[in-house]
Amino acid sequence: MNGYQKGTAVLGLLLLLIVVGAIVRQERQPKAVQLVPALTGRPELCLTCHQGIEEISPSHPTESFGCVLCHGGDGLALDKELAHATLRGGRNPSDLAVVEESCGGSACHSGAADDGRDHIHRVLTSVQATYAGAIAQINFAFGGQADPAAHFGIVAVADGNITTETGVASLSPFQPGPDAPGPVQTFANECLRCHVSAAAINQPYFYRAAGCAACHVIYENDGLYRGDDPTTPKDVPGYGRTHQLTTAIPYTQCNHCHNRGNYSLRQMAFLERDDLPGQPNLSAQEQRELEKLSIEHIAAQHPKDTIVADHSVLPEIDEEFQEIYLHAIGNLTFDPISANIDKSNNDVKVKLQKYFRRAPYKTQNELDDFLVNDRWGAESVINRGNTIADFALDYWDFQSV
Amino acid sequence: MTRPNFFEHLHPPTIPAREARFIYTFGLGGMSLFLFLFLSLIVTGVPLMFVYVPTAVSAADSIRAIAYVAPFGWLLPNLHYWAAVLLLLTVGFHMLRVVFSGSYKRPRRFNWLLGLVTLLLSLLLSFSGYVLRWDVDTFGALTAGTHIVQQFPLIGGWFYGLLVGGPDISDATVIRFYTWHTLGLSVPVLLLMGWHVFRVRRDGGISHRSSVASPQSPLSHKPPRIPRRKLVQREGVAMLALLCLLFALSLFWDAPLAVPANPLAGPLAATADIAAPWFFLWVQALLRRLSPLLAGIVIPLGVALVLALLPWTLDRETEGTAVWFHPAGRRAQVVVIVITIGIIGLTLWEWLG
């Protein structure tokens with residue numbers, strides 16, 4: 001074979017390889033699932049990737065509405081970035097910035113001209129969206145305005161139809177300048193986190209959406225998705241329970257903003273309540289770790305050599321202690337595996353200082369109370385064991401256990 | 001004896017061995033021809049015409065239907081796009097080769113003009129194809145381009161109406177650009193290419209040294225030649241290699257698509273920041289700093305004119321053909337190098353800045 005014949009053979013082989021590559025790519029392409037909603041008549045391919053996602057609600061049937069009518073986006077593109085490039089409001093089309101386009105219209109939730117049916121306008125002028133009451137009270141109390149009436153809101157709103165004695169025609173945006181009283185400025189910077197257009201605080205119990213979905217899309221306390229859309233992660237908090245709107249709104253939904261704690265006007269800070277299970281400021285990773293709990297021995301099973309020196313702190317881990325108290329319930333607590341490993345076999349004082357006092361578990365926080373003469377010993381274990389037993393007897397009817 | 005056919009008419013019985021080597025021409029002319037035929041007629045253009053809907057509402061949708069839904073549909077716009085990109089590159093390099101090897105000189109000066117006109121029409125073909133995608137990037141380019149056209153003295157308004165088909169960009173514009181792209185520009189380019197190839201033979205074959213002096217015979221003698229069969233062999237391998245490159249590119253990199261244009265949202269909302277196709281980025285760089293008349297019409301036409309008149313103004317010598325960077329053509333070479341560096345520099349400046 002001369003050079004050209006060899007070249008032709010090589011190139012022919014290469015071309016064959018490429019053709020095979022093309023067939024492979026085609027096989028891996030998702031098969032397009034097309035939906036032609038009755039209200040728009042334009043085909044959409046969203047369900048190709050989002051197969052299994054819940055119908056948003058019985059009053060918004062998928063065959064009539066489709067996806068693009070509310071969400072925007074490029075319904076014909078199967079490339080993720082191209083399809084999502086023009087989504088209204090990102091994941092949430094009911095965000096108040098875009099709600100008029102997504103949910104509005106005279107045939108939809110902007111209603112007819114009379115006030116009662118323009119739901120979107122009512123939400124935009126409601127106290128939950130404007131925060132007008134809280135702003136007015138703080139501003140007046142600290143000398144930022146002369147009277148307790150509402151003048152400011154989160155954003156500017158106007159309402160031509162005033163139906164009550166205390167109604168106001170309009171609110172200006174609340175933007176205290178550098179010459180506003182100090183507490184008012186702090187209030188503006190720190191305390192405006194629970195209105196309908198604010199982004200949710202990323203902590204358990206706080207997870208929610210903005211806009212209409214703030215109430216109408218149920219969020220679990222852990223903020224995890226429980227539905228069937230394969231593209232939505234199930235272990236990253238910040239998603240609704242399912243892709244569904246509802247009018248049957250449980251009180252737990254209200255509690256994503258309400259009943260979360262108390263404002264301290266003195267500190268001008270929000271003090272979160274601390275009597276609920278679940279840790280604040282946990283990442284998803286830590287949440288998962290939380291579910292892997294292990295038993296932690298307060299006085300270590302295998303203490304480190306270095307701590308032997310300080311007898312004032314160390315429990316006397318003599319044979320009696322080991323036999324009777326080391327594994328007694330008073331010496332035990334639960335701990336996530338990672339935290340447990342972290343504590344290692346450090347002495348109790350170190351554990352108390354570094355971990356137990358700061359832990360999110362009350363049962364660890366109160367270990368301080370059981371120190372006797374600043375030491376953790378047999379007496380501590382006995383006392384704590386009794387306390388735990390009392391707790392159990394109080395809270396559980398032993399006949400049903 | 002069989003009578004020669006059209007193919008053999010275009011392929012001479014023998015060609016000079018020296019100029020048949022790859023490093024003389026790099027096969028760029030042939031590559032351009034192949035890419036154009038592939039692009040427009042044979043494989044990708046016509047099948048696309050079966051699917052593409054030339055209306056403002058459906059244009060972008062029809063492209064997505066073929067790119068995402070039809071089995072192997074993604075191959076079609078990808079091959080078409082990459083063939084277009086490669087075509088402009090090979091045509092550009094082919095022109096540079098012709099300049100630097102002195103192949104524009106007499107008697108090939110008319111063929112030089114034919115080639116240049118083909119180059120300009122190819123640029124317009126690429127631009128019209130770009131516009132037909134009808135997304136926010138290309139819509140911006142269309143708005144800018146038609147605005148430049150309006151700056152033409154005296155005939156600007158009429159020219160704008162001819163292109164846009166009304167006071168504003170609308171359905172009529174899509175249909176007009178579609179017709180230009182599929183017929184109005186591609187048929188003339190096809191004819192010009194045929195004429196261009198024919199003129200190569202008519203002007204005495206590929207530009208070559210007519211006489212060679214060597215130590216064995218101090219008097220000049222005829223240089224060696226290779227038979228037609230060998231030439232066709234080389235062309236075959238080159239075509240196969242180009243095909244492999246095209247398919248490989250189409251397999252791994254998709255033709256770009258952006259958000260569909262919405263003319264109702266107004267010209268500003270419907271455009272992106274960089275609007276020009278890559279081969280016009282240098283014009284966009286000029287447009288940022290100069291008036292549209294200067295940047296969009298005077299300078300580009302000026303460059304085209306300088307290039308067109310090159311064999312009559314910058315280098316009238318007849319010697320120096322088929323020798324790379326022969327001193328006789330120094331002025332022409334320098335001018336072309338300066339223009340090339342200028343265009344590439346402006347392009348990079350606009351792209352990176």
# chains A, B, ... in the order shown; residues from 1 in each chain; ligands from 1
>>> interface_residues(of="chain A", to="chain B", cutoff="10 Å", atoms="only C-alpha atoms", output="PyMOL selection string")
chain A and resi 3-19+21-23+25-27+29-34+42-43+45+73-79+81-86
>>> residues_around(residues="B:Gln150", least_positions_apart="4", cutoff="10 Å", atoms="only C-alpha atoms", output="short mmCIF file (atom, residue, chain, number, x, y, z; two decimals) with all heavy atoms, in the first residue's frame")
data_model
loop_
_atom_site.label_atom_id
_atom_site.label_comp_id
_atom_site.auth_asym_id
_atom_site.auth_seq_id
_atom_site.Cartn_x
_atom_site.Cartn_y
_atom_site.Cartn_z
N GLY B 145 -26.54 45.46 12.34
CA GLY B 145 -26.21 45.41 10.91
C GLY B 145 -27.14 46.25 10.07
O GLY B 145 -26.71 47.01 9.19
N THR B 146 -28.45 46.13 10.33
CA THR B 146 -29.39 46.92 9.53
C THR B 146 -29.26 48.41 9.84
O THR B 146 -29.48 49.25 8.97
CB THR B 146 -30.83 46.46 9.77
OG1 THR B 146 -31.06 46.38 11.17
CG2 THR B 146 -31.06 45.10 9.15
N LEU B 154 -27.25 58.37 0.55
CA LEU B 154 -28.24 58.36 -0.53
C LEU B 154 -29.11 57.11 -0.54
O LEU B 154 -30.32 57.18 -0.51
CB LEU B 154 -27.55 58.49 -1.91
CG LEU B 154 -26.82 59.79 -2.20
CD1 LEU B 154 -26.15 59.72 -3.56
CD2 LEU B 154 -27.78 60.97 -2.17
N ILE B 155 -28.51 55.94 -0.61
CA ILE B 155 -29.33 54.74 -0.82
C ILE B 155 -29.61 53.99 0.48
O ILE B 155 -30.23 52.94 0.47
CB ILE B 155 -28.66 53.76 -1.81
CG1 ILE B 155 -27.27 53.35 -1.28
CG2 ILE B 155 -28.55 54.39 -3.17
CD1 ILE B 155 -26.73 52.16 -2.02
N GLY B 156 -29.17 54.56 1.60
CA GLY B 156 -29.29 53.84 2.87
C GLY B 156 -30.70 53.41 3.19
O GLY B 156 -30.95 52.25 3.55
N GLY B 157 -31.65 54.34 3.07
CA GLY B 157 -33.03 54.02 3.42
C GLY B 157 -33.60 52.93 2.55
O GLY B 157 -34.25 51.99 3.03
N TRP B 158 -33.35 53.05 1.25
CA TRP B 158 -33.86 52.05 0.32
C TRP B 158 -33.25 50.69 0.60
O TRP B 158 -33.93 49.67 0.60
CB TRP B 158 -33.55 52.50 -1.12
CG TRP B 158 -33.79 51.44 -2.12
CD1 TRP B 158 -34.98 51.10 -2.68
CD2 TRP B 158 -32.82 50.56 -2.67
NE1 TRP B 158 -34.83 50.07 -3.56
CE2 TRP B 158 -33.51 49.71 -3.57
CE3 TRP B 158 -31.44 50.39 -2.51
CZ2 TRP B 158 -32.86 48.70 -4.29
CZ3 TRP B 158 -30.79 49.40 -3.23
CH2 TRP B 158 -31.51 48.56 -4.10
N PHE B 159 -31.96 50.67 0.88
CA PHE B 159 -31.23 49.43 1.17
C PHE B 159 -31.80 48.76 2.43
O PHE B 159 -32.00 47.55 2.49
CB PHE B 159 -29.75 49.77 1.36
CG PHE B 159 -28.81 48.62 1.11
CD1 PHE B 159 -27.44 48.81 1.18
CD2 PHE B 159 -29.28 47.34 0.83
CE1 PHE B 159 -26.57 47.77 0.96
CE2 PHE B 159 -28.42 46.29 0.62
CZ PHE B 159 -27.05 46.51 0.69
N TYR B 160 -32.05 49.59 3.45
CA TYR B 160 -32.62 49.07 4.69
C TYR B 160 -33.96 48.41 4.43
O TYR B 160 -34.24 47.30 4.89
CB TYR B 160 -32.77 50.21 5.70
CG TYR B 160 -33.41 49.82 7.00
CD1 TYR B 160 -32.66 49.32 8.04
CD2 TYR B 160 -34.80 49.95 7.19
CE1 TYR B 160 -33.24 48.95 9.25
CE2 TYR B 160 -35.39 49.59 8.38
CZ TYR B 160 -34.61 49.10 9.40
OH TYR B 160 -35.20 48.73 10.58
N GLY B 161 -34.80 49.10 3.65
CA GLY B 161 -36.11 48.53 3.32
C GLY B 161 -35.98 47.22 2.57
O GLY B 161 -36.74 46.27 2.79
N PRO B 292 -21.01 54.81 12.92
CA PRO B 292 -21.41 53.62 12.15
C PRO B 292 -21.00 53.71 10.69
O PRO B 292 -20.62 52.71 10.08
CB PRO B 292 -22.93 53.59 12.29
CG PRO B 292 -23.23 54.38 13.50
CD PRO B 292 -22.17 55.39 13.64
N LEU B 293 -21.05 54.91 10.12
CA LEU B 293 -20.68 55.05 8.71
C LEU B 293 -19.22 54.69 8.52
O LEU B 293 -18.85 53.91 7.64
CB LEU B 293 -20.93 56.50 8.26
CG LEU B 293 -20.55 56.80 6.80
CD1 LEU B 293 -21.41 55.98 5.86
CD2 LEU B 293 -20.73 58.29 6.51
#
>>> residues_around(residues="A:Pro58", least_positions_apart="2", cutoff="10 Å", atoms="only C-alpha atoms", output="VMD selection string")
chain A and resid 55 to 56 60 to 62 244 to 246
>>> select_by_dssp(residues="stretch 132-202 of chain A", states="strand (DSSP E)", output="ChimeraX atom specification")
/A:152-153,157-158,170-173
>>> write_last_selection(atoms="C-alpha atoms", output="PDB file, in the first residue's frame")
ATOM      1  CA  PHE A 152     -42.841  52.894  55.581  1.00  0.00           C
ATOM      2  CA  GLY A 153     -42.819  49.399  54.155  1.00  0.00           C
ATOM      3  CA  VAL A 157     -46.751  50.210  47.785  1.00  0.00           C
ATOM      4  CA  ALA A 158     -49.890  52.163  47.119  1.00  0.00           C
ATOM      5  CA  SER A 170     -49.250  54.436  50.436  1.00  0.00           C
ATOM      6  CA  LEU A 171     -45.988  53.428  52.056  1.00  0.00           C
ATOM      7  CA  SER A 172     -42.513  54.594  51.170  1.00  0.00           C
ATOM      8  CA  PRO A 173     -39.539  52.221  51.151  1.00  0.00           C
TER       9      PRO A 173
END
>>> residues_around(residues="stretch 18-24 of chain B", least_positions_apart="2", cutoff="8 Å", atoms="only C-alpha atoms", output="PDB file with all heavy atoms, in the first residue's frame")
ATOM      1  N   ILE B  15      -0.413  17.765 -13.469  1.00  0.00           N
ATOM      2  CA  ILE B  15      -0.125  19.070 -12.852  1.00  0.00           C
ATOM      3  C   ILE B  15       1.315  19.065 -12.363  1.00  0.00           C
ATOM      4  O   ILE B  15       1.888  18.003 -12.105  1.00  0.00           O
ATOM      5  CB  ILE B  15      -1.081  19.407 -11.684  1.00  0.00           C
ATOM      6  CG1 ILE B  15      -0.885  18.449 -10.512  1.00  0.00           C
ATOM      7  CG2 ILE B  15      -2.513  19.401 -12.135  1.00  0.00           C
ATOM      8  CD1 ILE B  15      -1.573  18.962  -9.268  1.00  0.00           C
ATOM      9  N   PRO B  16       1.914  20.248 -12.259  1.00  0.00           N
ATOM     10  CA  PRO B  16       3.331  20.310 -11.859  1.00  0.00           C
ATOM     11  C   PRO B  16       3.536  19.672 -10.484  1.00  0.00           C
ATOM     12  O   PRO B  16       2.794  19.930  -9.545  1.00  0.00           O
ATOM     13  CB  PRO B  16       3.619  21.813 -11.794  1.00  0.00           C
ATOM     14  CG  PRO B  16       2.542  22.460 -12.562  1.00  0.00           C
ATOM     15  CD  PRO B  16       1.351  21.578 -12.502  1.00  0.00           C
ATOM     16  N   PHE B  26      -1.371  23.851   0.650  1.00  0.00           N
ATOM     17  CA  PHE B  26      -2.097  23.341   1.818  1.00  0.00           C
ATOM     18  C   PHE B  26      -3.501  22.884   1.459  1.00  0.00           C
ATOM     19  O   PHE B  26      -4.346  22.696   2.313  1.00  0.00           O
ATOM     20  CB  PHE B  26      -2.163  24.374   2.948  1.00  0.00           C
ATOM     21  CG  PHE B  26      -0.814  24.787   3.453  1.00  0.00           C
ATOM     22  CD1 PHE B  26      -0.251  25.984   3.040  1.00  0.00           C
ATOM     23  CD2 PHE B  26      -0.097  23.964   4.295  1.00  0.00           C
ATOM     24  CE1 PHE B  26       1.007  26.355   3.475  1.00  0.00           C
ATOM     25  CE2 PHE B  26       1.165  24.327   4.731  1.00  0.00           C
ATOM     26  CZ  PHE B  26       1.718  25.519   4.329  1.00  0.00           C
ATOM     27  N   GLY B  27      -3.741  22.738   0.183  1.00  0.00           N
ATOM     28  CA  GLY B  27      -5.040  22.232  -0.249  1.00  0.00           C
ATOM     29  C   GLY B  27      -6.213  23.096   0.154  1.00  0.00           C
ATOM     30  O   GLY B  27      -7.345  22.649   0.194  1.00  0.00           O
ATOM     31  N   ILE B 206      -2.580  25.568 -12.030  1.00  0.00           N
ATOM     32  CA  ILE B 206      -2.204  26.129 -10.738  1.00  0.00           C
ATOM     33  C   ILE B 206      -0.955  26.975 -10.912  1.00  0.00           C
ATOM     34  O   ILE B 206      -0.076  26.655 -11.718  1.00  0.00           O
ATOM     35  CB  ILE B 206      -1.986  24.996  -9.721  1.00  0.00           C
ATOM     36  CG1 ILE B 206      -1.810  25.610  -8.334  1.00  0.00           C
ATOM     37  CG2 ILE B 206      -0.796  24.133 -10.086  1.00  0.00           C
ATOM     38  CD1 ILE B 206      -2.341  24.769  -7.248  1.00  0.00           C
ATOM     39  N   SER B 207      -0.882  28.076 -10.177  1.00  0.00           N
ATOM     40  CA  SER B 207       0.252  28.975 -10.332  1.00  0.00           C
ATOM     41  C   SER B 207       1.527  28.183 -10.067  1.00  0.00           C
ATOM     42  O   SER B 207       1.670  27.512  -9.051  1.00  0.00           O
ATOM     43  CB  SER B 207       0.130  30.130  -9.339  1.00  0.00           C
ATOM     44  OG  SER B 207       0.108  29.629  -8.024  1.00  0.00           O
ATOM     45  N   HIS B 208       2.451  28.251 -11.014  1.00  0.00           N
ATOM     46  CA  HIS B 208       3.643  27.427 -10.884  1.00  0.00           C
ATOM     47  C   HIS B 208       4.806  28.135 -11.540  1.00  0.00           C
ATOM     48  O   HIS B 208       4.642  29.067 -12.317  1.00  0.00           O
ATOM     49  CB  HIS B 208       3.431  26.059 -11.552  1.00  0.00           C
ATOM     50  CG  HIS B 208       3.061  26.174 -13.005  1.00  0.00           C
ATOM     51  ND1 HIS B 208       1.767  26.439 -13.415  1.00  0.00           N
ATOM     52  CD2 HIS B 208       3.821  26.099 -14.126  1.00  0.00           C
ATOM     53  CE1 HIS B 208       1.744  26.499 -14.733  1.00  0.00           C
ATOM     54  NE2 HIS B 208       2.965  26.303 -15.185  1.00  0.00           N
ATOM     55  N   PRO B 224       9.056  18.667 -13.555  1.00  0.00           N
ATOM     56  CA  PRO B 224       8.321  17.394 -13.560  1.00  0.00           C
ATOM     57  C   PRO B 224       6.849  17.610 -13.193  1.00  0.00           C
ATOM     58  O   PRO B 224       6.505  18.566 -12.508  1.00  0.00           O
ATOM     59  CB  PRO B 224       9.018  16.558 -12.476  1.00  0.00           C
ATOM     60  CG  PRO B 224       9.679  17.551 -11.599  1.00  0.00           C
ATOM     61  CD  PRO B 224      10.037  18.724 -12.459  1.00  0.00           C
ATOM     62  N   ARG B 225       6.002  16.672 -13.630  1.00  0.00           N
ATOM     63  CA  ARG B 225       4.578  16.764 -13.365  1.00  0.00           C
ATOM     64  C   ARG B 225       4.056  15.430 -12.857  1.00  0.00           C
ATOM     65  O   ARG B 225       4.671  14.397 -13.048  1.00  0.00           O
ATOM     66  CB  ARG B 225       3.847  17.142 -14.656  1.00  0.00           C
ATOM     67  CG  ARG B 225       4.312  18.475 -15.238  1.00  0.00           C
ATOM     68  CD  ARG B 225       3.651  18.766 -16.566  1.00  0.00           C
ATOM     69  NE  ARG B 225       2.274  19.169 -16.416  1.00  0.00           N
ATOM     70  CZ  ARG B 225       1.887  20.441 -16.238  1.00  0.00           C
ATOM     71  NH1 ARG B 225       2.777  21.401 -16.183  1.00  0.00           N
ATOM     72  NH2 ARG B 225       0.612  20.725 -16.104  1.00  0.00           N
ATOM     73  N   ILE B 226       2.889  15.441 -12.182  1.00  0.00           N
ATOM     74  CA  ILE B 226       2.278  14.193 -11.713  1.00  0.00           C
ATOM     75  C   ILE B 226       0.965  13.993 -12.449  1.00  0.00           C
ATOM     76  O   ILE B 226       0.334  14.953 -12.898  1.00  0.00           O
ATOM     77  CB  ILE B 226       2.014  14.211 -10.193  1.00  0.00           C
ATOM     78  CG1 ILE B 226       1.018  15.331  -9.823  1.00  0.00           C
ATOM     79  CG2 ILE B 226       3.303  14.370  -9.429  1.00  0.00           C
ATOM     80  CD1 ILE B 226       0.500  15.204  -8.418  1.00  0.00           C
ATOM     81  N   LEU B 231      -3.336  13.313  -8.272  1.00  0.00           N
ATOM     82  CA  LEU B 231      -3.964  14.502  -7.694  1.00  0.00           C
ATOM     83  C   LEU B 231      -5.280  14.131  -7.031  1.00  0.00           C
ATOM     84  O   LEU B 231      -5.580  14.543  -5.913  1.00  0.00           O
ATOM     85  CB  LEU B 231      -4.197  15.551  -8.795  1.00  0.00           C
ATOM     86  CG  LEU B 231      -4.999  16.772  -8.355  1.00  0.00           C
ATOM     87  CD1 LEU B 231      -4.219  17.579  -7.337  1.00  0.00           C
ATOM     88  CD2 LEU B 231      -5.345  17.643  -9.555  1.00  0.00           C
ATOM     89  N   ALA B 322       4.479  31.762  -7.615  1.00  0.00           N
ATOM     90  CA  ALA B 322       4.741  30.420  -7.076  1.00  0.00           C
ATOM     91  C   ALA B 322       5.981  30.351  -6.210  1.00  0.00           C
ATOM     92  O   ALA B 322       6.509  29.278  -5.975  1.00  0.00           O
ATOM     93  CB  ALA B 322       4.821  29.372  -8.192  1.00  0.00           C
TER      94      ALA B 322
END
>>> select_by_dssp(residues="stretch 23-109 of chain B", states="helix (DSSP H, G or I)", output="number ranges by chain")
B: 23-25, 28-42, 45-51, 59-69, 75-100, 109
>>> atom_distance(atom1="atom CA of A:Glu63", atom2="atom CA of A:Asp229")
17.7 Å
>>> residues_around(residues="B:Trp282", least_positions_apart="5", cutoff="8 Å", atoms="only C-alpha atoms", output="mmCIF file with C-alpha atoms, in the first residue's frame")
data_model
loop_
_atom_site.group_PDB
_atom_site.id
_atom_site.type_symbol
_atom_site.label_atom_id
_atom_site.label_comp_id
_atom_site.auth_asym_id
_atom_site.auth_seq_id
_atom_site.Cartn_x
_atom_site.Cartn_y
_atom_site.Cartn_z
ATOM 1 C CA ILE B 343 -8.331 42.475 11.991
ATOM 2 C CA ILE B 344 -7.105 39.735 14.320
ATOM 3 C CA GLY B 345 -6.005 42.314 16.878
ATOM 4 C CA LEU B 346 -9.364 44.071 16.853
ATOM 5 C CA THR B 347 -11.142 40.737 17.103
ATOM 6 C CA GLU B 350 -13.292 42.906 21.387
#
>>> closest_residue(among="A:Phe187, A:Pro178, A:Gln253, A:Ile201", to="A:Ile218", atoms="only C-alpha atoms")
A:Gln253
>>> atom_distance(atom1="atom CA of A:Tyr205", atom2="atom CA of A:Gly238")
10.8 Å
>>> residues_around(residues="B:Leu132", least_positions_apart="2", cutoff="7 Å", atoms="only C-alpha atoms", output="PyMOL selection string")
chain B and resi 128-130+134+174+178
>>> residues_around(residues="B:Leu89", least_positions_apart="3", cutoff="12 Å", atoms="only C-alpha atoms", output="JSON, numbers by chain")
{"B": [28, 29, 31, 32, 35, 82, 83, 84, 85, 86, 92, 93, 94, 95, 96, 119, 122, 123, 126, 278, 279]}
>>> write_last_selection(atoms="N, CA and C atoms", output="CSV table (one decimal), in the first residue's frame")
chain,number,residue,atom,x,y,z
B,28,LEU,N,-5.9,24.4,0.5
B,28,LEU,CA,-7.0,25.2,1.1
B,28,LEU,C,-8.1,25.5,0.1
B,29,GLY,N,-7.8,25.7,-1.2
B,29,GLY,CA,-8.8,26.0,-2.1
B,29,GLY,C,-9.8,24.8,-2.3
B,31,MET,N,-10.2,22.5,-0.1
B,31,MET,CA,-11.0,22.3,1.1
B,31,MET,C,-12.2,23.2,1.2
B,32,SER,N,-12.0,24.5,0.7
B,32,SER,CA,-13.1,25.4,0.7
B,32,SER,C,-14.2,24.9,-0.1
B,35,LEU,N,-16.0,22.1,1.6
B,35,LEU,CA,-16.8,22.5,2.7
B,35,LEU,C,-18.1,23.2,2.2
B,82,TRP,N,-20.3,24.0,12.1
B,82,TRP,CA,-18.8,23.8,12.1
B,82,TRP,C,-18.3,23.9,10.6
B,83,ALA,N,-19.1,23.4,9.7
B,83,ALA,CA,-18.6,23.5,8.3
B,83,ALA,C,-18.5,25.0,7.9
B,84,ALA,N,-19.5,25.8,8.4
B,84,ALA,CA,-19.4,27.3,8.2
B,84,ALA,C,-18.2,27.9,8.8
B,85,VAL,N,-17.9,27.5,10.0
B,85,VAL,CA,-16.7,28.1,10.7
B,85,VAL,C,-15.5,27.7,9.9
B,86,LEU,N,-15.4,26.4,9.6
B,86,LEU,CA,-14.2,26.0,8.9
B,86,LEU,C,-14.1,26.6,7.5
B,92,GLY,N,-10.2,32.2,4.2
B,92,GLY,CA,-9.3,33.2,4.7
B,92,GLY,C,-7.8,32.8,4.5
B,93,PHE,N,-7.5,31.6,4.9
B,93,PHE,CA,-6.1,31.2,4.8
B,93,PHE,C,-5.7,31.0,3.3
B,94,HIS,N,-6.7,30.6,2.5
B,94,HIS,CA,-6.4,30.4,1.1
B,94,HIS,C,-6.1,31.7,0.5
B,95,MET,N,-6.8,32.8,0.9
B,95,MET,CA,-6.4,34.1,0.3
B,95,MET,C,-5.0,34.5,0.7
B,96,LEU,N,-4.7,34.2,2.0
B,96,LEU,CA,-3.3,34.6,2.4
B,96,LEU,C,-2.3,33.8,1.7
B,119,LEU,N,-15.3,35.5,-1.4
B,119,LEU,CA,-15.0,35.6,0.0
B,119,LEU,C,-16.0,36.6,0.6
B,122,SER,N,-19.3,34.9,0.9
B,122,SER,CA,-19.3,33.9,1.9
B,122,SER,C,-19.5,34.5,3.3
B,123,LEU,N,-18.9,35.7,3.5
B,123,LEU,CA,-19.1,36.4,4.8
B,123,LEU,C,-20.6,36.7,4.9
B,126,SER,N,-22.5,33.7,5.8
B,126,SER,CA,-22.4,33.3,7.2
B,126,SER,C,-23.2,34.2,8.1
B,278,TRP,N,-18.4,35.9,15.2
B,278,TRP,CA,-16.9,36.1,15.5
B,278,TRP,C,-16.2,36.7,14.3
B,279,PHE,N,-16.7,36.5,13.1
B,279,PHE,CA,-15.9,37.0,12.0
B,279,PHE,C,-16.2,38.5,11.8
